[in-house]
Amino acid sequence: MLRYPLGKQGEIMAQITVYHARNIITMDKNQPNATHVAVRDGRILAVGGADCADQWGPVTHDSTFADAVLMPGFVEGHCHMMSGFIWDYAYAGYHDRIDPDGKLWRGKTDIETVITDMRAYANSMPDDEPLLTWGFDPIFLQSERLNRHHLDQISSTRPVAFLFSSGHLMCVNSVVLDMVGYDAATNVEGVMKGADGAPNGELQEMAAMFPVMRRLGMDYRTKAHQEKYIHQFAKVCVRAGVTTATDLFATITDQGLAELKRVTAQPSYPVRIVPTIAAMNAAPEEIAAQAHAVAAHSHDKLRLGAVKLMTDGSIQGWSARVRAPGYVGGQPNGLWNTPPETIFALCEVMQRERVQMHAHTNGDEASEVTLNAIEAAARKHPWPGARHVLQHAQMMEGGLFRRAAELGVCVNLFVNHIWYFGDQHAALTIGEDRAARMDGCRSALDAGVAMAIHSDAPVTPMGPLFTASCAVNRKTMSGRVLGPAQRITLDEALRAITLGAAYTLKMDAEVGSIEAGKRADFAVLGQDPTAIDPAHLADVPVLGTVTGGHVTLL
Amino acid sequence: MSVLPRLPLTVIGGYLGAGKTTLLNRLLSEPHGQKIMVMVNDFGAINIDAALIAQADGDTISLTNGCVCCTMGNDLFMALGDALDRCPRPDHLVIEASGISDPAKIAMAARAEPDMAYGGIAVVVDGQNWPKLADDPLIGAQMRGQVQVADVLLVSKTGGMVPPSLAVRLAALSRAPLMDLADLPQVAPVLLGGVAPAPQPGALPGGMAAHPAYVGWSHQGPEQFERRTLEALLAARPAGIYRLKGHVLSPDGALEVHVVGPTVDIKPAQSDSTRMVAIGLASQINRETIAAWWASAAA
Ligand SMILES: [Zn+2]
């Protein structure tokens with residue numbers, strides 16, 4: 001039985017817990033390192049040595065973390081709650097990946113392994129269930145392209161569909177082709193044919209994929225905000241040491257909002273969720289009104305009110321809007337998802353209505369147009385604290401970063417691309433020069449831009465330490481260092497995944513560092529990331545998290 | 001095979017302000033006799049006569065003539081699924097593509113989906129601003145792309161005549177029939193096509209396509225075609241037919257045919273006779289030409 005101390009008025013005071021750790025990396029200049037942190041009522045009371053909270057009254061010492069290292073809970077400024085429900089599907093990707101329950105899914109580095117692994121998995125499923133997989137990316141396999149004959153070897157009786165990691169492609173087996181009636185006579189763009197004139201199983205773009213998705217129940221619209229998947233998402237976050245995470249292009253329904261509110265409010269729910277509304281398919285005024293309406297539902301662990309713009313496509317899909325000299329293979333410039341005229345209209349209304357914007361801009365032309373739009377909006381409706389964020393912003397260079405700094409616009413760079421796609425960018429998309437400066441953390445910081453870095457999970461796995469390692473090392477999959485001049489220091493990278501990301505969510509006064517008054521959000525690590533060779537930063541084990549004083553250990 | 005008739009999908013493309021919603025407002029208020037479902041991004045510009053509204057709730061407006069208008073949300077394709085599952089299924093689905101999007105990416109779903117029929121892509125071209133948009137360094141390629149995939153080009157804001165320079169530019173990009181919206185007495189025949197084949201051969205039933213501006217032709221018979229032969233026949237159709245649809249018997253089972261502008265879509269079907277309907281503009285084609293073309297193949 002705990003005895004609570006009484007305050008001056010005789011009221012019960014919350015208990016003070018003093019955690020002892022091997023090292024506490026605070027990200028607070030005033031006291032960069034400590035051994036103890038005191039927590040009361042979900043907030044940090046004091047930081048320092050064993051006696052740090054003695055002036056506050058009786059304390060309880062807790063040695064749960066005595067062998068661990070604490071950092072501020074990591075902040076993932078760009079990911080998607082889809083990371084939770086995607087694990088309903090079997091993982092068929094190239095890289096090792098760990099699911100929310102801690103099971104390791106071995107990477108499949110050739111088609112034979114894909115077939116044997118997935119056949120074994122299918123055999124463990126009820127007979128009538130379709131086998132749906134995710135994470136497969138043909139870009140990493142040197143062999144022949146995946147086709148229906150491969151998938152027929154997995155099963156010739158149940159539907160098999162592989163959703164490729166880009167989201168724009170899938171491959172299906174013959175059972176599925178029959179189900180949707182695709183045959184040699186089918187003349188549909190995106191239903192790919194083999195040398196024999198029959199569909200080879202590969203389906204490109206939504207129109208060709210839709211009949212399959214409709215029949216196999218692949219409807220994602222409301223899934224992310226269902227209770228089960230809100231919890232699944234939390235597991236993904238805890239494994240990565242993340243205590244604040246975004247859902248950066250959310251469709252918010254009344255029911256989904258009610259679920260999000262209820263589930264995240266549970267004291268044991270370990271993540272602060274920041275959903276941003278998709279600013280598409282409605283008039284800007286309506287979007288702003290919805291942002292304000294949902295903002296009223298915010299609480300400690302649910303932050304609403306920002307919106308997400310979708311301006312262009314992706315660089316590796318050659319659909320990003322890039323400036324001269326364009327794509328290295330001579331591909332035509334990419335596509336706007338939102339026309340510049342509408343980007344300007346959205347920026348003006350959001351700025352006027354005080355709605356923070358996160359804008360997906362992959363190509364440098366998209367970043368530039370969005371900066372132009374924000375500048376025009378800011379001239380009409382000054383709002384110094386707007387902190388709009390260019391998301392991905394992969395091709396920004398010194399000039400655009402300096403403009404962002406002038407305008408008070410933040411960037412959240414997709415630095416995981418350096419490892420996953422850096423080789424492809426140098427060889428196939430934008431060429432050596434611009435690949436070497438892409439996701440240019442050094443240029444951003446030197447220009448004085450507020451910067452975060454991200455995973456875009458589930459596009460790449462959530463793991464802020466891995467993301468930090470990409471920013472520090474800039475190693476690609478082939479082992480080369482891509483653009484060494486853009487490397488940043490370990491301290492800068494750790495700041496980007498904590499305070500830096502918190503700043504882009506306007507939560508830096510609350511989370512992102514371990515100092516008195518802030519929320520007791522910690523990442524619990526098995527190793528000290530500041531005491532190892534930075535080449536191994538990504539291997540630092542995550543043991544769990546603390547969120548508002550609530551401990552979740554793996 | 002599904003017991004419900006296929007749901008035809010027509011996609012309306014065109015840039016912001018080109019006149020897509022004006023076109024939809026027109027369509028919804030015409031006496032076409034069909035239960036159309038119109039999907040838009042937002043109701044903002046949709047301006048339905050209050051007298052026509054039977055019920056409005058959240059994302060759906062039901063009209064007294066049986067049509068509905070709804071918003072599609074952030075997942076257009078899943079919204080297509082909702083339209084297919086709607087009970088009763090609408091007679092025709094019309095989607096307003098967003099200003100910058102490629103309408104072909106949506107319309108292709110109607111060719112892929114066994115339960116849908118291809119209703120074509122109508123692109124609204126702003127008669128005044130299009131040339132400027134088409135030359136815009138940022139969006140020009142996407143503007144020209146919309147015209148390239150169109151099955152029918154509807155020019156708005158012409159003030160009585162499509163400027164010849166515009167017509168030439170459009171013709172260089174597209175084989176689709178070009179129409180001045182101001183000249184069209186009704187838009188339903190262009191956007192939806194004809195109604196069920198007429199009982200008496202050679203003429204369409206009354207109603208929309210009976211308007212003197214349009215030529216309707218219908219045919220019913222026992223003839224059969226190999227798929228290849230049919231494809232060749234359709235490829236040689238007379239210019240001026242902008243819609244052609246129906247069922248054709250073939251040795252491997254019946255085929256359902258949907259032709260809109262330059263696009264031909266064929267899917268397997270069930271039918272006990274060959275039945276075809278064609279529509280064109282009276283100023284461009286007559287019934288005899290169509291009948292002669294079909295008869296030449298049937299012979
Ligand atoms: Zn994203």
# chains A, B, ... in the order shown; residues from 1 in each chain; ligands from 1

$ interface_residues --of "chain A" --to "chain B" --cutoff "6 Å" --atoms "only C-alpha atoms" --output "PDB file with C-alpha atoms, in the first residue's frame"
ATOM      1  CA  VAL A 188      -7.019  -2.721 -69.745  1.00  0.00           C
ATOM      2  CA  ALA A 207      -7.786   1.036 -61.844  1.00  0.00           C
ATOM      3  CA  ALA A 208      -6.378  -2.408 -62.585  1.00  0.00           C
ATOM      4  CA  PRO A 211     -11.406  -5.087 -58.852  1.00  0.00           C
ATOM      5  CA  ASN A 281     -11.219  16.694 -52.160  1.00  0.00           C
ATOM      6  CA  ALA A 282     -12.930  19.581 -50.439  1.00  0.00           C
ATOM      7  CA  PRO A 339      -2.523  21.989 -58.943  1.00  0.00           C
TER       8      PRO A 339
END

$ residues_near_ligand --ligand "ligand 1" --cutoff "9 Å" --atoms "only C-alpha atoms and all ligand atoms" --output "VMD selection string"
chain A and resid 78 to 80 247 to 249 360 391 to 392 455 to 459

$ residues_around --residues "segment 505-514 of chain A" --least-positions-apart "5" --cutoff "6 Å" --atoms "only C-alpha atoms" --output "compact mmCIF listing (two decimals) with all heavy atoms, in the first residue's frame"
# COMPACT_ATOMS: atom_id res chain seq x y z
N THR A 26 19.56 14.07 -22.04
CA THR A 26 18.36 14.89 -21.86
C THR A 26 17.97 15.72 -23.07
O THR A 26 16.83 16.15 -23.19
CB THR A 26 18.57 15.87 -20.69
OG1 THR A 26 19.62 16.79 -21.07
CG2 THR A 26 18.96 15.14 -19.42
N MET A 27 18.93 16.02 -23.96
CA MET A 27 18.73 16.97 -25.05
C MET A 27 18.40 18.36 -24.50
O MET A 27 17.80 19.19 -25.18
CB MET A 27 17.63 16.52 -26.04
CG MET A 27 17.82 15.14 -26.65
SD MET A 27 19.48 14.79 -27.32
CE MET A 27 19.54 15.90 -28.70
N ASP A 28 18.78 18.58 -23.27
CA ASP A 28 18.59 19.90 -22.63
C ASP A 28 19.97 20.47 -22.35
O ASP A 28 20.75 19.89 -21.61
CB ASP A 28 17.79 19.73 -21.34
CG ASP A 28 17.76 21.03 -20.51
OD1 ASP A 28 17.95 22.12 -21.10
OD2 ASP A 28 17.56 20.93 -19.29
N PRO A 72 14.84 11.32 -24.38
CA PRO A 72 13.46 11.79 -24.54
C PRO A 72 12.74 10.82 -25.48
O PRO A 72 13.35 10.31 -26.43
CB PRO A 72 13.63 13.16 -25.22
CG PRO A 72 15.05 13.56 -24.95
CD PRO A 72 15.84 12.30 -24.83
N THR A 498 14.03 14.16 -31.76
CA THR A 498 13.36 14.47 -30.49
C THR A 498 12.78 15.89 -30.56
O THR A 498 11.70 16.09 -31.09
CB THR A 498 14.34 14.32 -29.31
OG1 THR A 498 15.53 15.08 -29.58
CG2 THR A 498 14.74 12.85 -29.11
N LEU A 499 13.58 16.86 -30.10
CA LEU A 499 13.10 18.24 -30.09
C LEU A 499 12.78 18.77 -31.47
O LEU A 499 11.82 19.52 -31.66
CB LEU A 499 14.18 19.14 -29.45
CG LEU A 499 14.03 19.47 -27.98
CD1 LEU A 499 15.17 20.39 -27.56
CD2 LEU A 499 12.68 20.14 -27.70
N ARG A 519 6.59 16.63 -20.15
CA ARG A 519 5.93 15.34 -19.95
C ARG A 519 6.99 14.25 -19.79
O ARG A 519 8.03 14.29 -20.45
CB ARG A 519 5.01 15.02 -21.11
CG ARG A 519 3.92 16.05 -21.26
CD ARG A 519 2.75 15.57 -22.08
NE ARG A 519 1.78 16.65 -22.21
CZ ARG A 519 0.81 16.88 -21.33
NH1 ARG A 519 0.68 16.13 -20.25
NH2 ARG A 519 -0.04 17.88 -21.52

$ residues_around --residues "Ile121 of chain B" --least-positions-apart "2" --cutoff "12 Å" --atoms "only C-alpha atoms" --output "PyMOL selection string"
chain B and resi 8-14+94-97+102-110+118-119+123-124+146-154+176-177+190-192+242-243+259-263

$ closest_residue --among "A:Pro270, A:Gly517, A:Pro541, A:Gly194" --to "Ala68 of chain A" --atoms "only C-alpha atoms"
A:Pro541

$ select_by_dssp --residues "segment 175-357 of chain A" --states "helix (DSSP H, G or I)" --output "short mmCIF file (atom, residue, chain, number, x, y, z; two decimals) with C-alpha atoms, in the first residue's frame"
data_model
loop_
_atom_site.label_atom_id
_atom_site.label_comp_id
_atom_site.auth_asym_id
_atom_site.auth_seq_id
_atom_site.Cartn_x
_atom_site.Cartn_y
_atom_site.Cartn_z
CA VAL A 175 -7.01 -17.76 -58.98
CA VAL A 176 -7.26 -13.99 -58.61
CA LEU A 177 -7.02 -13.38 -62.36
CA ASP A 178 -9.97 -15.74 -62.84
CA MET A 179 -11.88 -14.06 -60.06
CA GLU A 205 -2.16 1.45 -60.81
CA MET A 206 -5.41 1.52 -58.91
CA ALA A 207 -7.79 1.04 -61.84
CA ALA A 208 -6.38 -2.41 -62.58
CA MET A 209 -5.94 -3.24 -58.89
CA PHE A 210 -9.34 -2.05 -57.74
CA PRO A 211 -11.41 -5.09 -58.85
CA VAL A 212 -9.00 -7.31 -56.89
CA MET A 213 -9.01 -5.09 -53.81
CA ARG A 214 -12.79 -4.92 -53.88
CA ARG A 215 -13.12 -8.69 -53.96
CA LYS A 223 -9.20 0.71 -40.64
CA ALA A 224 -6.45 2.85 -39.12
CA HIS A 225 -8.76 4.31 -36.49
CA GLU A 227 -9.48 0.11 -31.76
CA LYS A 228 -7.52 -3.01 -32.67
CA TYR A 229 -5.29 -1.13 -35.08
CA ILE A 230 -4.83 1.90 -32.85
CA HIS A 231 -3.30 -0.59 -30.41
CA GLN A 232 -1.28 -2.32 -33.12
CA PHE A 233 0.15 1.03 -34.14
CA ALA A 234 1.17 1.71 -30.54
CA LYS A 235 3.14 -1.53 -30.51
CA VAL A 236 5.02 -0.44 -33.61
CA CYS A 237 5.84 2.84 -31.88
CA VAL A 238 6.99 1.30 -28.59
CA ARG A 239 9.38 -1.02 -30.46
CA ALA A 240 10.94 2.07 -32.00
CA ASP A 254 -16.94 10.75 -36.57
CA GLN A 255 -16.63 7.15 -35.53
CA GLY A 256 -12.88 7.03 -36.07
CA LEU A 257 -12.44 10.19 -34.06
CA ALA A 258 -14.50 8.80 -31.19
CA GLU A 259 -12.37 5.63 -31.17
CA LEU A 260 -9.11 7.57 -31.33
CA LYS A 261 -10.21 9.80 -28.48
CA ARG A 262 -11.30 6.93 -26.29
CA VAL A 263 -8.40 4.55 -26.91
CA THR A 264 -5.58 7.10 -26.72
CA ALA A 265 -7.03 8.49 -23.47
CA PRO A 284 -10.13 24.97 -48.55
CA GLU A 285 -12.67 26.70 -46.28
CA GLU A 286 -14.33 23.37 -45.54
CA ILE A 287 -10.99 21.73 -44.76
CA ALA A 288 -10.05 24.56 -42.41
CA ALA A 289 -13.43 24.30 -40.72
CA GLN A 290 -12.98 20.56 -40.22
CA ALA A 291 -9.49 21.13 -38.82
CA HIS A 292 -10.89 23.55 -36.26
CA ALA A 293 -13.80 21.28 -35.45
CA VAL A 294 -11.61 18.24 -34.75
CA ALA A 295 -9.02 20.32 -32.89
CA PRO A 340 -0.33 24.96 -57.99
CA GLU A 341 -3.36 27.25 -58.15
CA THR A 342 -5.05 25.13 -55.47
CA ILE A 343 -1.83 24.97 -53.42
CA PHE A 344 -1.92 28.76 -53.36
CA ALA A 345 -5.60 28.78 -52.40
CA LEU A 346 -5.06 26.22 -49.64
CA CYS A 347 -2.07 28.08 -48.24
CA GLU A 348 -3.97 31.32 -48.18
CA VAL A 349 -6.99 29.91 -46.39
CA MET A 350 -5.00 27.82 -43.91
CA GLN A 351 -2.74 30.75 -43.09
CA ARG A 352 -5.74 33.03 -42.65
#

$ residues_around --residues "Thr60 of chain B" --least-positions-apart "5" --cutoff "7 Å" --atoms "only C-alpha atoms" --output "short mmCIF file (atom, residue, chain, number, x, y, z; two decimals) with N, CA and C atoms, in the first residue's frame"
data_model
loop_
_atom_site.label_atom_id
_atom_site.label_comp_id
_atom_site.auth_asym_id
_atom_site.auth_seq_id
_atom_site.Cartn_x
_atom_site.Cartn_y
_atom_site.Cartn_z
N VAL B 68 -28.94 10.70 -57.47
CA VAL B 68 -28.29 11.10 -56.21
C VAL B 68 -26.96 11.76 -56.53
N CYS B 69 -26.58 12.64 -55.65
CA CYS B 69 -25.30 13.31 -55.78
C CYS B 69 -24.58 13.10 -54.46
N CYS B 70 -23.32 12.65 -54.52
CA CYS B 70 -22.62 12.42 -53.27
C CYS B 70 -21.15 12.81 -53.39
N THR B 71 -20.50 12.97 -52.25
CA THR B 71 -19.07 13.27 -52.26
C THR B 71 -18.31 11.95 -52.15
#

$ select_by_dssp --residues "segment 62-138 of chain B" --states "strand (DSSP E or B)" --output "compact mmCIF listing (two decimals) with N, CA and C atoms, in the first residue's frame"
# COMPACT_ATOMS: atom_id res chain seq x y z
N SER B 62 -30.32 13.41 -52.34
CA SER B 62 -31.20 12.62 -53.20
C SER B 62 -32.17 13.56 -53.90
N LEU B 63 -32.34 13.34 -55.19
CA LEU B 63 -33.23 14.19 -55.98
C LEU B 63 -34.57 13.51 -56.21
N VAL B 68 -28.94 10.70 -57.47
CA VAL B 68 -28.29 11.10 -56.21
C VAL B 68 -26.96 11.76 -56.53
N CYS B 69 -26.58 12.64 -55.65
CA CYS B 69 -25.30 13.31 -55.78
C CYS B 69 -24.58 13.10 -54.46
N CYS B 70 -23.32 12.65 -54.52
CA CYS B 70 -22.62 12.42 -53.27
C CYS B 70 -21.15 12.81 -53.39
N THR B 71 -20.50 12.97 -52.25
CA THR B 71 -19.07 13.27 -52.26
C THR B 71 -18.31 11.95 -52.15
N HIS B 92 -26.47 4.70 -63.83
CA HIS B 92 -25.26 5.26 -64.42
C HIS B 92 -24.50 6.01 -63.33
N LEU B 93 -23.20 5.88 -63.35
CA LEU B 93 -22.37 6.60 -62.39
C LEU B 93 -21.55 7.65 -63.15
N VAL B 94 -21.59 8.88 -62.65
CA VAL B 94 -20.83 9.96 -63.27
C VAL B 94 -19.89 10.54 -62.21
N ILE B 95 -18.61 10.56 -62.51
CA ILE B 95 -17.65 11.06 -61.54
C ILE B 95 -17.00 12.33 -62.06
N GLU B 96 -16.95 13.32 -61.21
CA GLU B 96 -16.23 14.54 -61.54
C GLU B 96 -14.79 14.38 -61.06
N MET B 116 -18.67 -3.29 -64.04
CA MET B 116 -18.87 -1.94 -64.58
C MET B 116 -18.77 -1.96 -66.10
N ALA B 117 -19.35 -0.93 -66.71
CA ALA B 117 -19.25 -0.76 -68.15
C ALA B 117 -18.61 0.60 -68.43
N TYR B 118 -17.89 0.64 -69.53
CA TYR B 118 -17.18 1.87 -69.87
C TYR B 118 -18.14 2.91 -70.42
N GLY B 119 -18.23 4.03 -69.74
CA GLY B 119 -19.11 5.09 -70.20
C GLY B 119 -18.36 6.27 -70.77
N GLY B 120 -17.04 6.18 -70.77
CA GLY B 120 -16.25 7.20 -71.46
C GLY B 120 -15.76 8.34 -70.59
N ILE B 121 -14.91 9.14 -71.22
CA ILE B 121 -14.31 10.30 -70.57
C ILE B 121 -14.74 11.54 -71.33
N ALA B 122 -15.45 12.42 -70.66
CA ALA B 122 -15.81 13.69 -71.28
C ALA B 122 -14.93 14.75 -70.63
N VAL B 123 -14.15 15.43 -71.44
CA VAL B 123 -13.29 16.47 -70.89
C VAL B 123 -13.85 17.84 -71.27
N VAL B 124 -14.09 18.65 -70.25
CA VAL B 124 -14.59 20.00 -70.49
C VAL B 124 -13.39 20.92 -70.71
N VAL B 125 -13.38 21.56 -71.86
CA VAL B 125 -12.27 22.43 -72.23
C VAL B 125 -12.75 23.88 -72.15
N ASP B 126 -12.05 24.65 -71.36
CA ASP B 126 -12.39 26.06 -71.21
C ASP B 126 -12.01 26.80 -72.49

$ closest_residue --among "B:Pro251, B:Pro238, B:Pro131, B:Gly280" --to "Met179 of chain B" --atoms "only C-alpha atoms"
B:Gly280

$ closest_residue --among "A:Val546, A:Ala296, A:Ala14, A:Ala516" --to "Ala53 of chain A" --atoms "only C-alpha atoms"
A:Ala516

$ residues_around --residues "Arg474 of chain A" --least-positions-apart "3" --cutoff "10 Å" --atoms "only C-alpha atoms" --output "number ranges by chain"
A: 415-419, 422, 436, 439, 467-471, 477, 479-488, 535

$ write_last_selection --atoms "N, CA, C and O atoms" --output "compact mmCIF listing (two decimals), in the first residue's frame"
# COMPACT_ATOMS: atom_id res chain seq x y z
N VAL A 415 15.21 11.13 -44.78
CA VAL A 415 16.61 10.74 -44.91
C VAL A 415 16.79 9.21 -45.00
O VAL A 415 17.83 8.73 -45.45
N ASN A 416 15.74 8.45 -44.61
CA ASN A 416 15.84 6.99 -44.79
C ASN A 416 16.03 6.63 -46.26
O ASN A 416 16.55 5.55 -46.57
N HIS A 417 15.62 7.52 -47.15
CA HIS A 417 15.80 7.26 -48.59
C HIS A 417 17.25 7.03 -48.95
O HIS A 417 17.55 6.33 -49.91
N ILE A 418 18.17 7.70 -48.22
CA ILE A 418 19.58 7.57 -48.57
C ILE A 418 19.98 6.10 -48.54
O ILE A 418 20.61 5.59 -49.46
N TRP A 419 19.55 5.40 -47.49
CA TRP A 419 19.93 3.99 -47.41
C TRP A 419 19.11 3.12 -48.36
O TRP A 419 19.65 2.33 -49.12
N GLY A 422 19.08 5.42 -52.16
CA GLY A 422 20.14 6.33 -52.56
C GLY A 422 20.85 5.88 -53.83
O GLY A 422 21.11 6.68 -54.73
N ALA A 436 23.63 13.34 -54.28
CA ALA A 436 24.62 13.59 -53.22
C ALA A 436 24.14 14.67 -52.25
O ALA A 436 24.54 14.69 -51.09
N ASP A 439 18.01 15.08 -49.40
CA ASP A 439 17.77 14.98 -47.95
C ASP A 439 18.94 15.63 -47.22
O ASP A 439 19.56 15.04 -46.33
N THR A 467 16.84 6.19 -38.55
CA THR A 467 16.73 7.43 -39.31
C THR A 467 17.88 8.37 -38.96
O THR A 467 18.51 8.96 -39.84
N ALA A 468 18.18 8.46 -37.66
CA ALA A 468 19.30 9.30 -37.23
C ALA A 468 20.61 8.78 -37.82
O ALA A 468 21.47 9.55 -38.26
N SER A 469 20.73 7.47 -37.86
CA SER A 469 21.94 6.87 -38.41
C SER A 469 22.09 7.20 -39.90
O SER A 469 23.20 7.42 -40.39
N CYS A 470 20.97 7.25 -40.62
CA CYS A 470 21.03 7.64 -42.04
C CYS A 470 21.55 9.07 -42.17
O CYS A 470 22.31 9.38 -43.09
N ALA A 471 21.13 9.94 -41.27
CA ALA A 471 21.55 11.34 -41.34
C ALA A 471 23.01 11.50 -40.96
O ALA A 471 23.71 12.37 -41.49
N MET A 477 22.49 1.23 -49.49
CA MET A 477 22.45 -0.22 -49.38
C MET A 477 23.71 -0.87 -49.97
O MET A 477 24.12 -1.94 -49.54
N GLY A 479 26.60 0.31 -49.72
CA GLY A 479 27.72 0.56 -48.82
C GLY A 479 28.45 1.86 -49.09
O GLY A 479 29.34 2.24 -48.33
N ARG A 480 28.09 2.57 -50.15
CA ARG A 480 28.80 3.82 -50.42
C ARG A 480 28.26 4.93 -49.52
O ARG A 480 27.12 4.85 -49.05
N VAL A 481 29.05 5.95 -49.30
CA VAL A 481 28.57 7.12 -48.58
C VAL A 481 28.10 8.12 -49.63
O VAL A 481 28.88 8.57 -50.48
N LEU A 482 26.83 8.43 -49.60
CA LEU A 482 26.24 9.30 -50.62
C LEU A 482 26.18 10.73 -50.09
O LEU A 482 25.42 11.04 -49.19
N GLY A 483 27.01 11.59 -50.65
CA GLY A 483 27.00 13.00 -50.23
C GLY A 483 27.54 13.19 -48.83
O GLY A 483 26.81 13.65 -47.95
N PRO A 484 28.84 12.88 -48.61
CA PRO A 484 29.40 12.98 -47.25
C PRO A 484 29.26 14.38 -46.67
O PRO A 484 29.15 14.54 -45.45
N ALA A 485 29.24 15.41 -47.53
CA ALA A 485 29.17 16.78 -47.01
C ALA A 485 27.84 17.05 -46.32
O ALA A 485 27.73 18.03 -45.58
N GLN A 486 26.83 16.23 -46.58
CA GLN A 486 25.51 16.46 -45.96
C GLN A 486 25.34 15.72 -44.65
O GLN A 486 24.26 15.76 -44.05
N ARG A 487 26.40 15.02 -44.19
CA ARG A 487 26.28 14.32 -42.91
C ARG A 487 26.17 15.33 -41.77
O ARG A 487 26.74 16.41 -41.84
N ILE A 488 25.44 14.96 -40.75
CA ILE A 488 25.35 15.83 -39.57
C ILE A 488 25.92 15.07 -38.38
O ILE A 488 26.16 13.86 -38.46
N ALA A 535 28.55 4.35 -36.56
CA ALA A 535 28.20 3.42 -37.63
C ALA A 535 27.19 2.39 -37.13
O ALA A 535 26.45 1.81 -37.93
